[in-house]
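In what follows, a structure is listed as structure tokens, so that the remarks can point back to it.
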Amino acid sequence: MRREQLTEKILDIKREKGWTWKHICDEIGGMAPTLIVGALLGQMKLVKPLAKNAATLFGLSAAEQAMLNEVPYRGAGTPMPPTDPLLYRFYEMVMVNGPAWKALIEEEFGDGIMSAIDFDFNFEREPNAKGDRVKITMSGKFLPYKYYGNEQGVQEYGFKEKD
């Protein structure tokens with residue numbers, strides 16, 4: 001079985017049972033919903049105890065359970081630019097606002113990046129008279145670039161320099 005086939009099997013069971021992602025995440029437990037759903041969609045891995053919980057919930061074989069614990073090939077199956085309208089809006093936000101976000105983050109933190117690995121993501125519904133809004137909070141660890149071969153008196157990492 002290929003990973004894509006396991007994803008389709010999981011989605012079929014979800015539909016047949018009428019389960020919500022919230023129900024599934026509550027049953028599997030142990031991690032943020034984004035990570036659990038991402039793993040079930042083939043983009044993340046579940047640690048062994050959570051893979052076992054998922055296998056029990058979905059009635060999966062031992063081989064399918066083991067597949068949920070394998071490191072996936074992330075990003076597979078999403079064309080660039082994305083064609084799904086919701087995914088495209090995220091892409092558009094980064095393409096339009098990304099340079100400003102980069103400038104502001106570098107001014108505040110220094111020369112580095114925001115981790116997408118040591119990272120938290122949350123969303124919530126925000127009621128609004130003109131139509132409910134999606135409120136997104138992302139928090140990633142700042143990872144400064146290392147200045148290899150730096151000489152005595154030259155900082156080793158790209159943290160914001162003090163005057």
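By order of appearance in the structure tokens: chains A, B, ..., then residues from 1 within every chain, and ligands from 1 in the order shown.
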Nearby residues (only C-alpha atoms) at most 10 Å from Ile136 (chain A), same-chain spacing under 2 positions excluded, as a PyMOL selection string: chain A and resi 121-126+133-134+138
Can you pull out every residue within 12 Å of Gly77 (chain A), counting only C-alpha atoms, but drop anything in the same chain fewer than 6 positions away, and send it as number ranges by chain? A: 3-4, 41-43, 83-84
Tell me, as an MDAnalysis selection string, which residues lie within 12 Å of Ala116 (chain A), counting only C-alpha atoms; anything in the same chain fewer than 2 positions away does not count. chainID A and resid 113:114 118:121 138:143
Would you work out the distance separating CA of Arg2 (chain A) from CA of Glu70 (chain A), expressed in Å to one decimal?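 Going from CA of Arg2 (chain A) over to CA of Glu70 (chain A), I get 11.8 Å.
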Please identify all polymer residues within 12 Å of Lys22 (chain A), counting only C-alpha atoms, omitting same-chain residues fewer than 2 positions from it, and present them as a PyMOL selection string. chain A and resi 14+18-20+24-29+32-34+36-37
Can I get the selection written as an mmCIF file, in the first residue's frame, with C-alpha atoms?
data_model
loop_
_atom_site.group_PDB
_atom_site.id
_atom_site.type_symbol
_atom_site.label_atom_id
_atom_site.label_comp_id
_atom_site.auth_asym_id
_atom_site.auth_seq_id
_atom_site.Cartn_x
_atom_site.Cartn_y
_atom_site.Cartn_z
ATOM 1 C CA LYS A 14 -14.231 9.241 8.295
ATOM 2 C CA GLY A 18 -19.741 10.658 9.941
ATOM 3 C CA TRP A 19 -16.826 11.686 12.161
ATOM 4 C CA THR A 20 -15.535 15.237 12.439
ATOM 5 C CA ILE A 24 -10.917 12.102 15.561
ATOM 6 C CA CYS A 25 -8.376 14.404 17.232
ATOM 7 C CA ASP A 26 -10.062 13.990 20.616
ATOM 8 C CA GLU A 27 -9.952 10.189 20.247
ATOM 9 C CA ILE A 28 -6.292 10.050 19.146
ATOM 10 C CA GLY A 29 -5.126 12.822 21.515
ATOM 11 C CA ALA A 32 -2.259 19.577 18.306
ATOM 12 C CA PRO A 33 -5.112 18.973 15.845
ATOM 13 C CA THR A 34 -3.051 20.401 12.973
ATOM 14 C CA ILE A 36 -2.932 14.851 13.877
ATOM 15 C CA VAL A 37 -4.949 15.855 10.805
#
Just list the residues in chain A DSSP gives strand (DSSP E or B) on the backbone, as a PyMOL selection string. chain A and resi 110+112-126+133-144+146+157+159
When you draw a straight line from CA of Ala55 (chain A) to CA of Thr7 (chain A), how long is it in Å?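 The value is 12.4 Å.
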Would you mind telling me which residue in A:Gly110, A:Gly98, A:Gly38, A:Pro49 lies nearest to Arg74 (chain A) when using only C-alpha atoms? A:Gly38
Identify, with DSSP run on backbone atoms, the residues in region 54-84 of chain A assigned to helix (DSSP H, G or I), and express the list as a PyMOL selection string. chain A and resi 54-58+62-68
Long-range neighbours of Ser61 (chain A) as number ranges by chain, 12 Å cut-off, only C-alpha atoms, 3 positions minimum in chain: A: 1, 6, 9, 51-52, 54-58, 64-68
